[in-house]
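Trainee: Here's a structure for you.
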Amino acid sequence: MGQIDRIIRAIVGVIALVLFFTLAGALKWVALVVAVLMLATSAMGSCPPYAILGINTCKR
């Protein structure tokens, strides 16, 4: 996963985390799931669906 991809995922994760604390109902939990997934894949530097689909955003 490329650096820009990781940064975008981290930003989306933080936004989703903020939404978790501001929303109510089912959307609150959807926001939490999105936040956890985005922040985890950003921190790990890999995305399992990317590996399955053969997508590579890392410039080497």
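In the structure tokens, each chain is lettered A, B, ... as it comes, each chain's residues begin at 1, and ligands are numbered from 1 in order of appearance.
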Find the residues near region 35-50 of chain A: any atom within 6 Å, counting only C-alpha atoms, skip ones fewer than 2 places away on the same chain, and give them as a list in words.
Mentor: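 Within the cut-off, the hits are Met1, Arg6, Arg9, Ala10, Gly13, Ala16, Leu17, Leu32, Val33, Ile52, Leu53, Gly54 and Ile55 of chain A.
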Trainee: Okay, now the selection with C-alpha atoms, as a CSV table (one decimal), in the first residue's frame?
Mentor:
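Here's the written file part.csv:
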chain,number,residue,atom,x,y,z
A,1,MET,CA,0.0,0.0,0.0
A,6,ARG,CA,-2.3,5.0,3.9
A,9,ARG,CA,-7.2,5.7,5.0
A,10,ALA,CA,-6.1,7.3,8.2
A,13,GLY,CA,-10.7,6.4,9.8
A,16,ALA,CA,-15.5,7.9,10.8
A,17,LEU,CA,-14.4,7.7,14.5
A,32,LEU,CA,-17.2,2.4,14.1
A,33,VAL,CA,-16.6,-0.6,11.8
A,52,ILE,CA,-6.8,-10.8,-3.4
A,53,LEU,CA,-7.5,-8.5,-6.3
A,54,GLY,CA,-3.8,-7.9,-7.2
A,55,ILE,CA,-4.0,-4.1,-6.6
Trainee: Please report the interatomic distance between CA of Ile7 (chain A) and CA of Asn56 (chain A) in Å with one decimal.
Mentor: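 The value is 15.4 Å.
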Trainee: Could you please write out, as a VMD selection string, every residue of chain A that DSSP assigns to helix (DSSP H, G or I)?
Mentor: chain A and resid 3 to 22 26 to 44 48 to 53
Trainee: For each of A:Ile4, A:Val34, A:Leu27, A:Val14, take the minimum atom-to-atom distance to Lys59 (chain A), counting only C-alpha atoms, then give the residue where this is smallest.
Mentor: A:Ile4
Trainee: Tell me, in Å to one decimal, how far CA of Ala24 (chain A) is from CA of Ile8 (chain A).
Mentor: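 Result for CA of Ala24 (chain A) versus CA of Ile8 (chain A): 25.0 Å, one decimal.
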